[in-house]
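Here is the structure we will look at.
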Amino acid sequence: MASMTELFLDNEFLEWTPGVTRELHRPVKYNLNPVLRPEKWWETHCILPNAVLYDKEEKLFKMWYRTGPAGKLTEAIDGHVSYTGYAISADGINWERPELGIFEIGGRRDHNIVLKSEVNARHGNVSAEQGKKAFILSVVPNPHPADENEKYVCMFADMGRRGCYLGYSKDGIHWRREPEPFWQTPVDVTRWGDDTLKSMIYDHLRQKWVIYRRVIPQESERLVARPGDENWRQPERITRIMAYADSRDLKKWENHRVIMIPDADDPGDTEFYGFSCYNYANAYVGYLWIYHTAPDNETIDIQLVTSRNGIDFTRCAGRSVYLPASPQGSFDRMICTSYMAEPMIVDDTVYIFYGGTNIDHGGSAMGQGKLQQAAGMATFKRDRFVNLYSSGNMPSYIVTKPFIVKHSDIYVNAGTWGGGSVKASVLTRDWRQVSGYECENFIPVSGNALDHPLIWKNKNGIAELKDREVRLRLHLDQARVHALTFDNAARPLGKLPDLPDYGGPRDCRPVDV
């Protein structure tokens, strides 16, 4: 049986956690951000990393980014203000823009543009206010390609006729595009709406294609446009929220529904600007873009969310900010994560790429200097989305709900400080000690590592408990636990730098490492 990892993002696996507190383990932004900024003639002032993947075979990060004059129609190139560029990197820091010459723009082919608007030319409805806009939003490795030309599937937007479009490619560079959108909402078919932000993944846990997209509450009962919706009058008050649809074959889309909406526990100026999600271990991990619309402090930051079915999401750790916007004057005053179809894990490090801008939504400069939209990077260690840490001057425990033992070993992703430790015992469903697996027979875990093995004296892991229903109890002392992994194979320790000894009260825990 394949390994299974529990990330503790929610309480699904937890029965009791006395003396324990959950907190976010925030990613660390690269200190020389941005990693990719507009420098080329066709990029003008905009680079937004809409879709990023890590190709394990080629050992390359691949980025499809929105670029061009963006909102400046006066700088349009052949009427184009937004299109998609393509870049590659071996380390996520140093990026190459291959000159692909796929088509001509501005009378030139010395560029890396892989997708531009065609709908405007076909339908003859170029927006006098906005110009031609088309850009890839998601790129997904196809688990069931019909042939080599469908290795990748993309979802893209073309603002000449709004909606969700599909494209197919063998290399991520040359795209065969569907000419018509497969999903249009009422807002898509009006001229007052601009719902361009949406993401697509292949959900490996349910073996479905899934779309997450931005809508408004007034669309909740009619998420698919009907004849006559093009004449729909704009409601007096609208809010950006998140919706969902899925498909088995990329042809028939169903189960359209609203899945996330700000509520009375959010500040009154909260909207959901966008959303990126992927399968991670046995759960769904998502990055929810929180748009704070107050005119005097307009920003976008990121909250971490999780789900067990890809539809019902929980915002983690009390809705705390997971990836914050930077102070005024920074390039990432407003921040949006890229649409990542799958986690990018390289050498036990998880990568997040995001777009940042130093202007507010209305376009006025918030920082000093010229307008900038660029790509940033943040990282964290594998499985460390949150931690459960010992707090207060009391015993601190994590007790799981009952589970059937299917693996031979358990590993804990944890760190300790100040002489602290993690100890473990195995209980029956009715909370009785399992002989030989008591806490006093456990070899304490100490230090900071991704995969500490749980070892009891005179026991070969938990192999002899196979098919039994048990609970696991962890005793934390100046320690934090990020994840548990159940496996049948030996795992390397994954040692990390020691956490500093802060001394003092037990709840004076160290900063992120």
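Residues are referred to by chain and number: the chain letter is A, B, ... according to the order shown in the structure tokens, the number counts from 1 in that chain, and ligands are numbered separately from 1 in the order shown.
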I'd like to know which residues of stretch 86-329 of chain A are strand (DSSP E or B) (by DSSP, run on the backbone); could you write them as a PyMOL selection string?
chain A and resi 86-89+95-96+105+108+113-115+132-141+152-158+164-169+176-177+183+198-203+208-215+241-247+254-260+270-280+283-292+299-307+313-315+321-323
Name the residues of stretch 57-286 of chain A that come out as helix (DSSP H, G or I) in a backbone DSSP run; write them as number ranges by chain.
A: 73-75, 119-123, 148-150, 186-189, 217-219, 229-231
So that I have them on file, write out the residues from the current selection with N, CA and C atoms, as a PDB file, in the first residue's frame.
```pdb
ATOM      1  N   LEU A  73      -3.763  50.681 -23.288  1.00  0.00           N
ATOM      2  CA  LEU A  73      -4.126  50.494 -24.689  1.00  0.00           C
ATOM      3  C   LEU A  73      -3.240  51.347 -25.605  1.00  0.00           C
ATOM      4  N   THR A  74      -2.749  52.473 -25.098  1.00  0.00           N
ATOM      5  CA  THR A  74      -1.892  53.345 -25.910  1.00  0.00           C
ATOM      6  C   THR A  74      -0.571  52.673 -26.268  1.00  0.00           C
ATOM      7  N   GLU A  75      -0.178  51.608 -25.518  1.00  0.00           N
ATOM      8  CA  GLU A  75       1.070  50.904 -25.785  1.00  0.00           C
ATOM      9  C   GLU A  75       0.825  49.562 -26.473  1.00  0.00           C
ATOM     10  N   VAL A 119      -9.856  35.431 -30.819  1.00  0.00           N
ATOM     11  CA  VAL A 119     -11.301  35.614 -30.802  1.00  0.00           C
ATOM     12  C   VAL A 119     -11.690  36.980 -31.317  1.00  0.00           C
ATOM     13  N   ASN A 120     -10.963  38.012 -30.931  1.00  0.00           N
ATOM     14  CA  ASN A 120     -11.296  39.360 -31.403  1.00  0.00           C
ATOM     15  C   ASN A 120     -11.284  39.432 -32.916  1.00  0.00           C
ATOM     16  N   ALA A 121     -10.243  38.846 -33.529  1.00  0.00           N
ATOM     17  CA  ALA A 121     -10.144  38.875 -34.986  1.00  0.00           C
ATOM     18  C   ALA A 121     -11.275  38.086 -35.628  1.00  0.00           C
ATOM     19  N   ARG A 122     -11.658  36.982 -34.999  1.00  0.00           N
ATOM     20  CA  ARG A 122     -12.681  36.123 -35.585  1.00  0.00           C
ATOM     21  C   ARG A 122     -14.081  36.730 -35.457  1.00  0.00           C
ATOM     22  N   HIS A 123     -14.343  37.349 -34.303  1.00  0.00           N
ATOM     23  CA  HIS A 123     -15.683  37.874 -34.052  1.00  0.00           C
ATOM     24  C   HIS A 123     -15.812  39.365 -34.348  1.00  0.00           C
ATOM     25  N   GLU A 148       0.231  12.023 -28.340  1.00  0.00           N
ATOM     26  CA  GLU A 148       1.317  12.861 -27.836  1.00  0.00           C
ATOM     27  C   GLU A 148       1.004  14.347 -27.918  1.00  0.00           C
ATOM     28  N   ASN A 149       0.042  14.711 -28.761  1.00  0.00           N
ATOM     29  CA  ASN A 149      -0.321  16.118 -28.898  1.00  0.00           C
ATOM     30  C   ASN A 149      -1.217  16.620 -27.770  1.00  0.00           C
ATOM     31  N   GLU A 150      -1.562  15.737 -26.840  1.00  0.00           N
ATOM     32  CA  GLU A 150      -2.383  16.135 -25.699  1.00  0.00           C
ATOM     33  C   GLU A 150      -1.660  15.898 -24.383  1.00  0.00           C
ATOM     34  N   PRO A 186     -23.386  34.098 -16.615  1.00  0.00           N
ATOM     35  CA  PRO A 186     -24.058  35.341 -17.016  1.00  0.00           C
ATOM     36  C   PRO A 186     -23.117  36.540 -17.073  1.00  0.00           C
ATOM     37  N   VAL A 187     -22.191  36.635 -16.119  1.00  0.00           N
ATOM     38  CA  VAL A 187     -21.256  37.758 -16.145  1.00  0.00           C
ATOM     39  C   VAL A 187     -20.366  37.699 -17.383  1.00  0.00           C
ATOM     40  N   ASP A 188     -19.993  36.472 -17.815  1.00  0.00           N
ATOM     41  CA  ASP A 188     -19.148  36.349 -19.011  1.00  0.00           C
ATOM     42  C   ASP A 188     -19.799  36.972 -20.241  1.00  0.00           C
ATOM     43  N   VAL A 189     -21.109  36.840 -20.373  1.00  0.00           N
ATOM     44  CA  VAL A 189     -21.754  37.275 -21.615  1.00  0.00           C
ATOM     45  C   VAL A 189     -22.231  38.718 -21.568  1.00  0.00           C
ATOM     46  N   PRO A 217     -22.268  36.457  -6.182  1.00  0.00           N
ATOM     47  CA  PRO A 217     -23.370  35.759  -5.501  1.00  0.00           C
ATOM     48  C   PRO A 217     -24.643  35.676  -6.334  1.00  0.00           C
ATOM     49  N   GLN A 218     -24.924  36.712  -7.139  1.00  0.00           N
ATOM     50  CA  GLN A 218     -26.161  36.733  -7.917  1.00  0.00           C
ATOM     51  C   GLN A 218     -26.201  35.660  -9.004  1.00  0.00           C
ATOM     52  N   GLU A 219     -25.070  34.966  -9.240  1.00  0.00           N
ATOM     53  CA  GLU A 219     -25.034  33.882 -10.220  1.00  0.00           C
ATOM     54  C   GLU A 219     -25.244  32.506  -9.585  1.00  0.00           C
ATOM     55  N   ASP A 229     -29.079  36.428 -21.175  1.00  0.00           N
ATOM     56  CA  ASP A 229     -28.252  36.914 -20.077  1.00  0.00           C
ATOM     57  C   ASP A 229     -27.321  38.042 -20.504  1.00  0.00           C
ATOM     58  N   GLU A 230     -27.069  38.164 -21.795  1.00  0.00           N
ATOM     59  CA  GLU A 230     -26.209  39.251 -22.251  1.00  0.00           C
ATOM     60  C   GLU A 230     -26.831  40.621 -21.962  1.00  0.00           C
ATOM     61  N   ASN A 231     -28.136  40.648 -21.680  1.00  0.00           N
ATOM     62  CA  ASN A 231     -28.825  41.903 -21.362  1.00  0.00           C
ATOM     63  C   ASN A 231     -29.008  42.100 -19.868  1.00  0.00           C
TER      64      ASN A 231
END
```
Which polymer residues have any atom within 9 Å of an atom of stretch 157-173 of chain A, counting only C-alpha atoms, with same-chain residues fewer than 4 positions away left out, as a ChimeraX atom specification?
/A:62,64,86,100,102,113-121,123-127,130-137,139,147-153,177-185,187-190,194-198,250
Choose the residue, out of A:Val434, A:Val52, A:Leu484, A:Ile290, that has the smallest atom-to-atom separation from A:Ser320; count only C-alpha atoms.
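Among the listed residues, A:Ile290 lies closest to A:Ser320.
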Best match for closeness to A:Glu12 among A:Ser82, A:Thr314, A:Ser220, A:Asn31, counting only C-alpha atoms:
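Smallest separation from A:Glu12 among the options: A:Thr314.
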Tell me which protein, DNA and RNA residues are within 7 Å of A:Phe13, counting only C-alpha atoms, leaving out same-chain ones fewer than 2 positions away, and put them as a list in words.
Asn11, Glu15, Thr400 and Lys401 of chain A
